[in-house]
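Q: Questions regarding the structure given below will be posed in turn.
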Amino acid sequence: MKTDVQLILTRTKGDKLISEHRQPSRSYVLAMIDLFNAQAAQLTRTIKDTDGIDRSIPVFQGNWDIGAPAGTVLYGIVIGIGNTAVTIANYQLENRCAEGTLSGQFNCGAVSVGVPTTSGSVRKFSVVRNYTNNSTGYTIVRECGIYCEGASTPYYLCLIRDVLVTPQQVEIGQTLTVTYTIKVTV
């Protein structure tokens, strides 16, 4: 079995496509495997949250929630401006963009988690989120990832962090759509 994650970023203004960038995502970080292990073993594990605090994460049905509503950047697909190389020990984006209309902020849409599909020996699903720049200037997005809820408290955990091979300059009024396609091949 092989696991693969594909990252696609598109920039649009209205109905006009400005650019499209594709790159493989190779950046699962510690919390991904630790949370998977906690659920699989049905045991509590200590996992560092996105604030850098070690949290006791029990078995909980909402542990993998990445379907964030519009307006929250606490979980779901997140974007940022940091460009430090990814390491397995990363527990957050280097410099995550906030929700809002001030310089460097974005208005984010809800996260859409697609239904899995099968084609031959490949099973996959996509996770999509739009970020619109309604601020006072352009922002260069250099990193993105996926945060999930962990535990009922909730705590937020970084599952994936990617530094973009080609940073995306998002001008005022443009929308950046981030798509992660997660697939397993037998």
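Identifiers in the structure tokens: chain A, B, ... in order shown; residue index from 1 per chain; ligand index from 1 in order shown.
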With only C-alpha atoms as the counted atoms, please give the residues lying no more than 8 Å from segment 160-162 of chain A, apart from itself and same-chain residues fewer than 5 positions off, as a PyMOL selection string.
A: chain A and resi 25-29+32+86+90+92-93+143-147
Q: Write a file of the just-selected residues containing N, CA and C atoms, as a PDB file, in the first residue's frame.
A:
```pdb
ATOM      1  N   SER A  25       2.611  16.645  -1.675  1.00  0.00           N
ATOM      2  CA  SER A  25       2.739  16.946  -0.253  1.00  0.00           C
ATOM      3  C   SER A  25       3.459  15.776   0.376  1.00  0.00           C
ATOM      4  N   ARG A  26       4.597  16.045   0.977  1.00  0.00           N
ATOM      5  CA  ARG A  26       5.373  14.976   1.610  1.00  0.00           C
ATOM      6  C   ARG A  26       5.610  15.286   3.080  1.00  0.00           C
ATOM      7  N   SER A  27       4.677  15.958   3.668  1.00  0.00           N
ATOM      8  CA  SER A  27       4.974  16.555   4.961  1.00  0.00           C
ATOM      9  C   SER A  27       4.014  16.189   6.078  1.00  0.00           C
ATOM     10  N   TYR A  28       3.723  14.900   6.229  1.00  0.00           N
ATOM     11  CA  TYR A  28       3.040  14.478   7.451  1.00  0.00           C
ATOM     12  C   TYR A  28       3.985  14.783   8.603  1.00  0.00           C
ATOM     13  N   VAL A  29       3.445  15.241   9.726  1.00  0.00           N
ATOM     14  CA  VAL A  29       4.283  15.517  10.891  1.00  0.00           C
ATOM     15  C   VAL A  29       3.845  14.626  12.060  1.00  0.00           C
ATOM     16  N   MET A  32       0.219  13.517  13.177  1.00  0.00           N
ATOM     17  CA  MET A  32      -0.545  12.647  12.278  1.00  0.00           C
ATOM     18  C   MET A  32      -0.439  11.187  12.723  1.00  0.00           C
ATOM     19  N   VAL A  86      10.364  22.115   6.425  1.00  0.00           N
ATOM     20  CA  VAL A  86       9.533  21.245   7.252  1.00  0.00           C
ATOM     21  C   VAL A  86      10.410  20.206   7.953  1.00  0.00           C
ATOM     22  N   ASN A  90       7.554  19.447  13.492  1.00  0.00           N
ATOM     23  CA  ASN A  90       6.680  20.621  13.378  1.00  0.00           C
ATOM     24  C   ASN A  90       5.322  20.340  14.017  1.00  0.00           C
ATOM     25  N   GLN A  92       3.057  23.215  14.120  1.00  0.00           N
ATOM     26  CA  GLN A  92       2.236  24.319  13.634  1.00  0.00           C
ATOM     27  C   GLN A  92       2.900  24.884  12.380  1.00  0.00           C
ATOM     28  N   LEU A  93       2.140  25.713  11.636  1.00  0.00           N
ATOM     29  CA  LEU A  93       2.757  26.471  10.570  1.00  0.00           C
ATOM     30  C   LEU A  93       3.694  27.481  11.215  1.00  0.00           C
ATOM     31  N   GLU A 143       3.362  28.774   2.820  1.00  0.00           N
ATOM     32  CA  GLU A 143       3.172  27.486   3.486  1.00  0.00           C
ATOM     33  C   GLU A 143       1.684  27.213   3.655  1.00  0.00           C
ATOM     34  N   CYS A 144       1.352  25.945   3.785  1.00  0.00           N
ATOM     35  CA  CYS A 144      -0.025  25.552   4.081  1.00  0.00           C
ATOM     36  C   CYS A 144       0.007  24.200   4.767  1.00  0.00           C
ATOM     37  N   GLY A 145      -1.131  23.821   5.314  1.00  0.00           N
ATOM     38  CA  GLY A 145      -1.193  22.546   6.010  1.00  0.00           C
ATOM     39  C   GLY A 145      -2.605  22.215   6.409  1.00  0.00           C
ATOM     40  N   ILE A 146      -2.729  21.158   7.192  1.00  0.00           N
ATOM     41  CA  ILE A 146      -4.023  20.729   7.715  1.00  0.00           C
ATOM     42  C   ILE A 146      -3.906  20.572   9.222  1.00  0.00           C
ATOM     43  N   TYR A 147      -4.795  21.277   9.938  1.00  0.00           N
ATOM     44  CA  TYR A 147      -4.946  21.135  11.381  1.00  0.00           C
ATOM     45  C   TYR A 147      -6.258  20.395  11.643  1.00  0.00           C
TER      46      TYR A 147
END
```
Q: Give the alpha helix (DSSP H) residues of segment 21-180 of chain A, as assigned by DSSP on the backbone, as number ranges by chain.
A: A: 30-41
Q: Print the selection's residues with N, CA, C and O atoms to a file, as a tab-separated table (two decimals), in the first residue's frame.
A:
```
chain	number	residue	atom	x	y	z
A	30	LEU	N	4.55	14.72	13.18
A	30	LEU	CA	4.35	13.81	14.31
A	30	LEU	C	2.91	13.59	14.73
A	30	LEU	O	2.50	12.45	14.98
A	31	ALA	N	2.13	14.65	14.84
A	31	ALA	CA	0.76	14.52	15.34
A	31	ALA	C	-0.08	13.59	14.47
A	31	ALA	O	-0.99	12.92	14.97
A	32	MET	N	0.22	13.52	13.18
A	32	MET	CA	-0.55	12.65	12.28
A	32	MET	C	-0.44	11.19	12.72
A	32	MET	O	-1.45	10.51	12.94
A	33	ILE	N	0.78	10.71	12.89
A	33	ILE	CA	0.95	9.30	13.25
A	33	ILE	C	0.57	9.05	14.71
A	33	ILE	O	0.02	8.01	15.05
A	34	ASP	N	0.83	10.04	15.58
A	34	ASP	CA	0.49	9.87	16.99
A	34	ASP	C	-1.02	9.81	17.21
A	34	ASP	O	-1.51	9.01	18.00
A	35	LEU	N	-1.77	10.64	16.49
A	35	LEU	CA	-3.23	10.61	16.61
A	35	LEU	C	-3.79	9.32	16.02
A	35	LEU	O	-4.69	8.70	16.58
A	36	PHE	N	-3.24	8.91	14.90
A	36	PHE	CA	-3.65	7.64	14.29
A	36	PHE	C	-3.42	6.49	15.27
A	36	PHE	O	-4.27	5.63	15.47
A	37	ASN	N	-2.25	6.51	15.91
A	37	ASN	CA	-1.92	5.47	16.88
A	37	ASN	C	-2.87	5.50	18.07
A	37	ASN	O	-3.32	4.45	18.54
A	38	ALA	N	-3.21	6.68	18.59
A	38	ALA	CA	-4.13	6.79	19.72
A	38	ALA	C	-5.48	6.17	19.39
A	38	ALA	O	-6.05	5.42	20.18
A	39	GLN	N	-5.98	6.46	18.19
A	39	GLN	CA	-7.28	5.91	17.79
A	39	GLN	C	-7.19	4.41	17.55
A	39	GLN	O	-8.06	3.66	17.97
A	40	ALA	N	-6.12	3.97	16.86
A	40	ALA	CA	-5.98	2.55	16.55
A	40	ALA	C	-5.80	1.71	17.81
A	40	ALA	O	-6.36	0.61	17.92
A	41	ALA	N	-5.01	2.21	18.76
A	41	ALA	CA	-4.75	1.48	20.00
A	41	ALA	C	-5.85	1.69	21.03
A	41	ALA	O	-5.88	0.99	22.04
```
Q: Between A:Gly71, A:Val141, A:Phe125, A:Gln169, which is the closest to Gln6 of chain A once you count only C-alpha atoms?
A: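 When distances to Gln6 of chain A are compared using only C-alpha atoms, the smallest one comes from A:Phe125.
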Q: Excluding segment 99-106 of chain A and residues on its chain fewer than 3 positions from it, collect all residues at most 10 Å away from it, counting only C-alpha atoms, and give them as a list in words.
A: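 So the residues in contact are Ala70, Gly71, Thr72, Val73, Leu74, Ile79, Gly80, Ile81, Arg96, Gly109, Asn130, Tyr131, Thr132, Asn133, Asn134, Ser135, Thr136, Gly137, Tyr138, Thr139, Ile140, Val141, Val170, Ile172, Thr175 and Leu176 of chain A.
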Q: Show which residues sit within 12 Å of segment 182-184 of chain A, as a PyMOL selection string. Count only C-alpha atoms, and ignore same-chain residues fewer than 2 positions away.
A: chain A and resi 1-8+24-26+28+113-128+146+160+179-180+186
Q: From the options A:Val163, A:Gly62, A:Thr12, A:Ala68, which residue's atoms come nearest to Asn95 of chain A, counting only C-alpha atoms?
A: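 Result for the nearest residue to Asn95 of chain A: A:Val163.
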